[in-house]
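**Q** Below: one structure in structure tokens.
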Protein chains: 2
Amino acid sequence: MTDGRKGVVKPVEELELHPVPAGTATRTQVLVGEGDGAPNFAMRRFVMGEGGGMPFHTNAVEHEQYVLRGRARVRIGDQIHDVKADDAVYIPAGTPHSYDVVEAPFEFLCVVPNGPDRIELVEQD
Amino acid sequence: MTDGRKGVVKPVEELELHPVPAGTATRTQVLVGEGDGAPNFAMRRFVMGEGGGMPFHTNAVEHEQYVLRGRARVRIGDQIHDVKADDAVYIPAGTPHSYDVVEAPFEFLCVVPNGPDRIELVEQD
């Protein structure tokens, strides 16, 4: 736990990445969160490698995302989007979505509200 | 107002940038926010040009930030940080901070909770 009152600067290359069990070749790290004293939401980074992605699923919370590097096919509800660096993405709570890497590494930020989330896999039509 | 239930993908180069009156050579744009149906927080992007920055000030709300490009000297409270691309920055609500561009363009994301903010300039010691 850092002293959030002073502010924090973290070079992301110094932070550990952890595998995401529901994904393929997908790792994540918290950049700013409750451990820093952040009261409302957390900023995470996801890194997906060659052939990586996440299956069609829902979360209990919304996602505000920003693509840093690479390309992916992102399905949100019934729509498929080709996303690339410097695209902003909004996925409402409960809306099914998936990721398939087109150009690795595919890296994006994903901001979520604090509190419990629940991931549920959804059958793809 | 877009239909947030479907999700939204926005290439940032298609979004207009607006000058920030309190800053120098500083522009901003909302990437994801209440207009998209986002219930809790907003993701904005700031772009600062040569000689740009923001004077020492406080906000009523916290900032979770990610540096996309360039370099700046960022003062948070009593500490001065040299920040660069792929640094994450957390500035707690009410903590005074300033930006001075070192390498332009200096671009960063800044996520804030929805609701009113209040910016107050602070005398620099």
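In the structure tokens, each chain is lettered A, B, ... as it comes, each chain's residues begin at 1, and ligands are numbered from 1 in order of appearance.
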Which residues come within 6 Å of A:Tyr90, counting only C-alpha atoms, excluding same-chain residues fewer than 5 positions away, as a VMD selection string?
**A** (chain A and resid 63 to 64) or (chain B and resid 7 to 8)
**Q** Save the residues we just selected, N, CA and C atoms, as a PDB file, in the first residue's frame?
**A**
```pdb
ATOM      1  N   HIS A  63     -16.611  -1.283 -18.748  1.00  0.00           N
ATOM      2  CA  HIS A  63     -15.197  -1.113 -19.087  1.00  0.00           C
ATOM      3  C   HIS A  63     -15.029   0.165 -19.906  1.00  0.00           C
ATOM      4  N   GLU A  64     -14.079   1.010 -19.508  1.00  0.00           N
ATOM      5  CA  GLU A  64     -13.636   2.113 -20.376  1.00  0.00           C
ATOM      6  C   GLU A  64     -12.201   1.798 -20.748  1.00  0.00           C
TER       7      GLU A  64
ATOM      8  N   GLY B   7     -22.178  -0.614 -26.864  1.00  0.00           N
ATOM      9  CA  GLY B   7     -20.739  -0.438 -26.871  1.00  0.00           C
ATOM     10  C   GLY B   7     -20.348   0.569 -27.932  1.00  0.00           C
ATOM     11  N   VAL B   8     -19.192   1.156 -27.771  1.00  0.00           N
ATOM     12  CA  VAL B   8     -18.747   2.228 -28.643  1.00  0.00           C
ATOM     13  C   VAL B   8     -17.256   2.047 -28.899  1.00  0.00           C
TER      14      VAL B   8
END
```
**Q** May I ask you to extract the residues of chain B within 6 Å of chain A, using only C-alpha atoms, and to give them as an NGL selection string?
**A** :B and (5 or 7-12 or 86-92)
**Q** Convert the current residue selection to file output with N, CA and C atoms, as an mmCIF file, in the first residue's frame.
**A**
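Saved the output as result_16.cif:
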```cif
data_model
loop_
_atom_site.group_PDB
_atom_site.id
_atom_site.type_symbol
_atom_site.label_atom_id
_atom_site.label_comp_id
_atom_site.auth_asym_id
_atom_site.auth_seq_id
_atom_site.Cartn_x
_atom_site.Cartn_y
_atom_site.Cartn_z
ATOM 1 N N ARG B 5 -25.609 0.968 -24.731
ATOM 2 C CA ARG B 5 -25.834 -0.465 -24.487
ATOM 3 C C ARG B 5 -25.103 -1.336 -25.497
ATOM 4 N N GLY B 7 -22.178 -0.614 -26.864
ATOM 5 C CA GLY B 7 -20.739 -0.438 -26.871
ATOM 6 C C GLY B 7 -20.348 0.569 -27.932
ATOM 7 N N VAL B 8 -19.192 1.156 -27.771
ATOM 8 C CA VAL B 8 -18.747 2.228 -28.643
ATOM 9 C C VAL B 8 -17.256 2.047 -28.899
ATOM 10 N N VAL B 9 -16.832 2.234 -30.157
ATOM 11 C CA VAL B 9 -15.408 2.301 -30.487
ATOM 12 C C VAL B 9 -15.177 3.638 -31.184
ATOM 13 N N LYS B 10 -14.230 4.427 -30.687
ATOM 14 C CA LYS B 10 -13.972 5.765 -31.232
ATOM 15 C C LYS B 10 -12.494 5.956 -31.516
ATOM 16 N N PRO B 11 -12.108 6.072 -32.783
ATOM 17 C CA PRO B 11 -10.723 6.457 -33.076
ATOM 18 C C PRO B 11 -10.509 7.898 -32.602
ATOM 19 N N VAL B 12 -9.488 8.137 -31.769
ATOM 20 C CA VAL B 12 -9.376 9.466 -31.162
ATOM 21 C C VAL B 12 -9.130 10.564 -32.189
ATOM 22 N N ASP B 86 4.091 5.546 -21.123
ATOM 23 C CA ASP B 86 3.901 4.304 -20.372
ATOM 24 C C ASP B 86 4.193 4.440 -18.880
ATOM 25 N N ASP B 87 4.061 5.654 -18.352
ATOM 26 C CA ASP B 87 4.005 5.849 -16.902
ATOM 27 C C ASP B 87 2.538 6.010 -16.498
ATOM 28 N N ALA B 88 2.160 5.369 -15.401
ATOM 29 C CA ALA B 88 0.844 5.585 -14.797
ATOM 30 C C ALA B 88 1.005 6.588 -13.669
ATOM 31 N N VAL B 89 0.031 7.479 -13.514
ATOM 32 C CA VAL B 89 0.121 8.554 -12.524
ATOM 33 C C VAL B 89 -1.191 8.606 -11.741
ATOM 34 N N TYR B 90 -1.077 8.687 -10.417
ATOM 35 C CA TYR B 90 -2.276 8.871 -9.583
ATOM 36 C C TYR B 90 -2.143 10.161 -8.787
ATOM 37 N N ILE B 91 -3.139 11.030 -8.927
ATOM 38 C CA ILE B 91 -3.172 12.297 -8.195
ATOM 39 C C ILE B 91 -4.443 12.301 -7.345
ATOM 40 N N PRO B 92 -4.296 12.200 -6.013
ATOM 41 C CA PRO B 92 -5.479 12.145 -5.148
ATOM 42 C C PRO B 92 -6.280 13.459 -5.215
#
```
**Q** What does the distance from atom CA of B:Leu121 to atom CA of B:Ala72 come to in Å, to one decimal?
**A**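 Pair atom CA of B:Leu121 / atom CA of B:Ala72 returns 19.2 Å.
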**Q** DSSP on the backbone: what in stretch 2-96 of chain A comes out strand (DSSP E or B), as a short mmCIF file (atom, residue, chain, number, x, y, z; two decimals) with N, CA and C atoms, in the first residue's frame?
**A**
```cif
data_model
loop_
_atom_site.label_atom_id
_atom_site.label_comp_id
_atom_site.auth_asym_id
_atom_site.auth_seq_id
_atom_site.Cartn_x
_atom_site.Cartn_y
_atom_site.Cartn_z
N VAL A 8 1.35 9.16 -6.99
CA VAL A 8 2.18 8.03 -7.35
C VAL A 8 2.49 8.10 -8.84
N VAL A 9 3.74 7.83 -9.22
CA VAL A 9 4.12 7.64 -10.62
C VAL A 9 4.74 6.27 -10.75
N LYS A 10 4.23 5.45 -11.68
CA LYS A 10 4.71 4.07 -11.83
C LYS A 10 5.03 3.78 -13.29
N PRO A 11 6.29 3.57 -13.63
CA PRO A 11 6.62 3.10 -14.98
C PRO A 11 6.06 1.68 -15.13
N HIS A 18 0.22 -10.61 -14.59
CA HIS A 18 -0.31 -11.89 -14.10
C HIS A 18 -1.20 -12.52 -15.17
N PRO A 19 -1.11 -13.83 -15.37
CA PRO A 19 -1.96 -14.49 -16.36
C PRO A 19 -3.45 -14.32 -16.01
N THR A 24 -6.57 -16.47 -23.30
CA THR A 24 -5.49 -17.19 -23.97
C THR A 24 -4.36 -16.19 -24.19
N ALA A 25 -3.15 -16.55 -23.76
CA ALA A 25 -1.98 -15.66 -23.93
C ALA A 25 -2.30 -14.24 -23.48
N THR A 26 -3.01 -14.12 -22.36
CA THR A 26 -3.48 -12.82 -21.86
C THR A 26 -2.98 -12.61 -20.44
N ARG A 27 -2.33 -11.46 -20.24
CA ARG A 27 -1.83 -11.11 -18.91
C ARG A 27 -2.35 -9.72 -18.53
N THR A 28 -2.37 -9.45 -17.23
CA THR A 28 -2.89 -8.15 -16.77
C THR A 28 -2.12 -7.66 -15.56
N GLN A 29 -2.25 -6.37 -15.30
CA GLN A 29 -1.63 -5.75 -14.13
C GLN A 29 -2.49 -4.55 -13.71
N VAL A 30 -2.54 -4.30 -12.41
CA VAL A 30 -3.23 -3.11 -11.92
C VAL A 30 -2.23 -1.96 -11.94
N LEU A 31 -2.59 -0.84 -12.59
CA LEU A 31 -1.71 0.33 -12.63
C LEU A 31 -2.02 1.28 -11.48
N VAL A 32 -3.29 1.56 -11.29
CA VAL A 32 -3.73 2.41 -10.17
C VAL A 32 -4.99 1.78 -9.60
N PHE A 41 -12.29 3.90 -8.76
CA PHE A 41 -12.11 3.03 -9.92
C PHE A 41 -10.65 2.64 -10.05
N ALA A 42 -10.41 1.60 -10.84
CA ALA A 42 -9.06 1.06 -11.02
C ALA A 42 -8.68 1.05 -12.49
N MET A 43 -7.40 1.41 -12.76
CA MET A 43 -6.87 1.37 -14.12
C MET A 43 -5.97 0.14 -14.23
N ARG A 44 -6.31 -0.75 -15.15
CA ARG A 44 -5.49 -1.94 -15.38
C ARG A 44 -4.95 -1.91 -16.81
N ARG A 45 -3.89 -2.68 -17.07
CA ARG A 45 -3.40 -2.85 -18.44
C ARG A 45 -3.48 -4.32 -18.77
N PHE A 46 -3.92 -4.65 -19.99
CA PHE A 46 -3.93 -6.02 -20.48
C PHE A 46 -2.94 -6.13 -21.64
N VAL A 47 -2.22 -7.25 -21.68
CA VAL A 47 -1.29 -7.53 -22.77
C VAL A 47 -1.63 -8.90 -23.32
N MET A 48 -1.96 -8.96 -24.62
CA MET A 48 -2.32 -10.22 -25.27
C MET A 48 -1.28 -10.55 -26.34
N GLY A 49 -0.81 -11.79 -26.32
CA GLY A 49 0.21 -12.22 -27.27
C GLY A 49 -0.39 -12.84 -28.52
N GLU A 50 0.50 -13.32 -29.39
CA GLU A 50 0.13 -13.99 -30.65
C GLU A 50 -0.93 -15.06 -30.38
N GLY A 51 -2.02 -15.04 -31.14
CA GLY A 51 -3.07 -16.05 -30.98
C GLY A 51 -3.90 -15.88 -29.73
N GLY A 52 -3.71 -14.78 -29.02
CA GLY A 52 -4.37 -14.59 -27.74
C GLY A 52 -5.75 -13.98 -27.85
N GLY A 53 -6.41 -13.87 -26.71
CA GLY A 53 -7.72 -13.24 -26.66
C GLY A 53 -8.51 -13.66 -25.44
N MET A 54 -9.76 -13.25 -25.44
CA MET A 54 -10.69 -13.62 -24.37
C MET A 54 -11.97 -14.10 -25.05
N PRO A 55 -12.56 -15.20 -24.55
CA PRO A 55 -13.81 -15.69 -25.15
C PRO A 55 -14.97 -14.74 -24.85
N PHE A 56 -16.09 -14.94 -25.55
CA PHE A 56 -17.30 -14.13 -25.40
C PHE A 56 -17.77 -14.24 -23.94
N HIS A 57 -17.88 -13.10 -23.25
CA HIS A 57 -18.24 -13.14 -21.83
C HIS A 57 -18.90 -11.82 -21.41
N THR A 58 -19.51 -11.85 -20.26
CA THR A 58 -20.03 -10.62 -19.66
C THR A 58 -19.28 -10.34 -18.36
N ASN A 59 -19.29 -9.07 -17.98
CA ASN A 59 -18.82 -8.64 -16.66
C ASN A 59 -19.97 -7.90 -15.97
N HIS A 63 -16.61 -1.28 -18.75
CA HIS A 63 -15.20 -1.11 -19.09
C HIS A 63 -15.03 0.17 -19.91
N GLU A 64 -14.08 1.01 -19.51
CA GLU A 64 -13.64 2.11 -20.38
C GLU A 64 -12.20 1.80 -20.75
N GLN A 65 -11.96 1.65 -22.06
CA GLN A 65 -10.67 1.11 -22.51
C GLN A 65 -9.99 2.05 -23.50
N TYR A 66 -8.67 1.87 -23.62
CA TYR A 66 -7.88 2.63 -24.59
C TYR A 66 -6.82 1.70 -25.13
N VAL A 67 -6.75 1.59 -26.46
CA VAL A 67 -5.80 0.67 -27.08
C VAL A 67 -4.44 1.35 -27.22
N LEU A 68 -3.41 0.71 -26.67
CA LEU A 68 -2.06 1.27 -26.69
C LEU A 68 -1.23 0.77 -27.87
N ARG A 69 -1.36 -0.50 -28.20
CA ARG A 69 -0.53 -1.11 -29.24
C ARG A 69 -1.27 -2.29 -29.87
N GLY A 70 -0.94 -2.59 -31.13
CA GLY A 70 -1.46 -3.79 -31.78
C GLY A 70 -2.86 -3.61 -32.34
N ARG A 71 -3.42 -4.74 -32.76
CA ARG A 71 -4.76 -4.75 -33.35
C ARG A 71 -5.52 -5.97 -32.86
N ALA A 72 -6.83 -5.86 -32.78
CA ALA A 72 -7.66 -7.01 -32.40
C ALA A 72 -9.04 -6.89 -33.01
N ARG A 73 -9.72 -8.03 -33.12
CA ARG A 73 -11.13 -8.06 -33.49
C ARG A 73 -11.89 -8.14 -32.18
N VAL A 74 -12.69 -7.14 -31.91
CA VAL A 74 -13.43 -7.07 -30.64
C VAL A 74 -14.92 -7.15 -30.96
N ARG A 75 -15.57 -8.18 -30.43
CA ARG A 75 -17.03 -8.27 -30.58
C ARG A 75 -17.66 -7.67 -29.33
N ILE A 76 -18.61 -6.76 -29.54
CA ILE A 76 -19.37 -6.17 -28.43
C ILE A 76 -20.84 -6.35 -28.78
N GLN A 79 -22.00 -6.65 -32.60
CA GLN A 79 -21.14 -5.95 -33.55
C GLN A 79 -19.67 -6.33 -33.40
N ILE A 80 -19.00 -6.48 -34.55
CA ILE A 80 -17.57 -6.80 -34.54
C ILE A 80 -16.81 -5.55 -34.99
N HIS A 81 -15.80 -5.18 -34.20
CA HIS A 81 -15.01 -3.97 -34.46
C HIS A 81 -13.55 -4.37 -34.66
N ASP A 82 -12.91 -3.78 -35.65
CA ASP A 82 -11.45 -3.93 -35.78
C ASP A 82 -10.83 -2.76 -35.04
N VAL A 83 -10.16 -3.03 -33.92
CA VAL A 83 -9.64 -1.93 -33.11
C VAL A 83 -8.11 -1.90 -33.19
N LYS A 84 -7.57 -0.68 -33.02
CA LYS A 84 -6.13 -0.43 -33.21
C LYS A 84 -5.68 0.62 -32.20
N ASP A 87 -7.57 3.86 -30.27
CA ASP A 87 -9.03 3.74 -30.25
C ASP A 87 -9.49 3.69 -28.80
N ALA A 88 -10.55 4.42 -28.49
CA ALA A 88 -11.21 4.32 -27.18
C ALA A 88 -12.40 3.37 -27.33
N VAL A 89 -12.63 2.55 -26.32
CA VAL A 89 -13.68 1.52 -26.38
C VAL A 89 -14.50 1.60 -25.11
N TYR A 90 -15.83 1.58 -25.24
CA TYR A 90 -16.71 1.51 -24.07
C TYR A 90 -17.56 0.26 -24.15
N ILE A 91 -17.51 -0.55 -23.11
CA ILE A 91 -18.32 -1.77 -23.04
C ILE A 91 -19.21 -1.65 -21.79
#
```
**Q** Find the residue from B:Ser98, B:Asn114, B:Ala104, B:Asp125 that sits nearest to B:Ala22; use only C-alpha atoms when measuring.
**A**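 Going through B:Ser98, B:Asn114, B:Ala104, B:Asp125 one by one, the smallest distance to B:Ala22 is for B:Ser98.
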**Q** Provide the atom CA of A:Glu107 to atom CA of B:Asp100 distance in Å, to one decimal place.
**A**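 Calculated distance between atom CA of A:Glu107 and atom CA of B:Asp100 is 27.6 Å.
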**Q** DSSP says helix (DSSP H, G or I) for which residues of chain A? Put them as a list of chain:residue names?
**A**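 Selecting the helix (DSSP H, G or I) positions of chain A gives A:Gly4, A:Arg5, A:Lys6, A:Val12, A:Glu13, A:Glu14, A:Glu34, A:Gly35, A:Asp36.
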**Q** Restrict the selected residues to N, CA and C atoms and save them as a CSV table (one decimal), in the first residue's frame.
**A**
```csv
chain,number,residue,atom,x,y,z
A,4,GLY,N,-1.2,7.2,-0.9
A,4,GLY,CA,-1.8,7.8,-2.1
A,4,GLY,C,-1.9,9.3,-1.9
A,5,ARG,N,-1.9,9.9,-0.7
A,5,ARG,CA,-2.0,11.3,-0.6
A,5,ARG,C,-0.9,12.1,-1.3
A,6,LYS,N,0.2,11.4,-1.5
A,6,LYS,CA,1.4,12.1,-2.1
A,6,LYS,C,1.3,12.0,-3.6
A,12,VAL,N,5.2,1.4,-16.1
A,12,VAL,CA,4.6,0.1,-16.2
A,12,VAL,C,5.5,-1.0,-16.4
A,13,GLU,N,6.7,-0.8,-16.9
A,13,GLU,CA,7.7,-1.9,-17.1
A,13,GLU,C,8.2,-2.4,-15.8
A,14,GLU,N,8.0,-1.7,-14.7
A,14,GLU,CA,8.4,-2.1,-13.4
A,14,GLU,C,7.3,-3.0,-12.7
A,34,GLU,N,-7.1,0.4,-5.6
A,34,GLU,CA,-7.4,0.7,-4.1
A,34,GLU,C,-6.1,0.6,-3.3
A,35,GLY,N,-5.1,-0.1,-3.7
A,35,GLY,CA,-3.9,-0.2,-3.0
A,35,GLY,C,-3.1,1.2,-3.0
A,36,ASP,N,-3.5,2.1,-3.9
A,36,ASP,CA,-2.9,3.4,-4.0
A,36,ASP,C,-3.8,4.4,-3.2
```
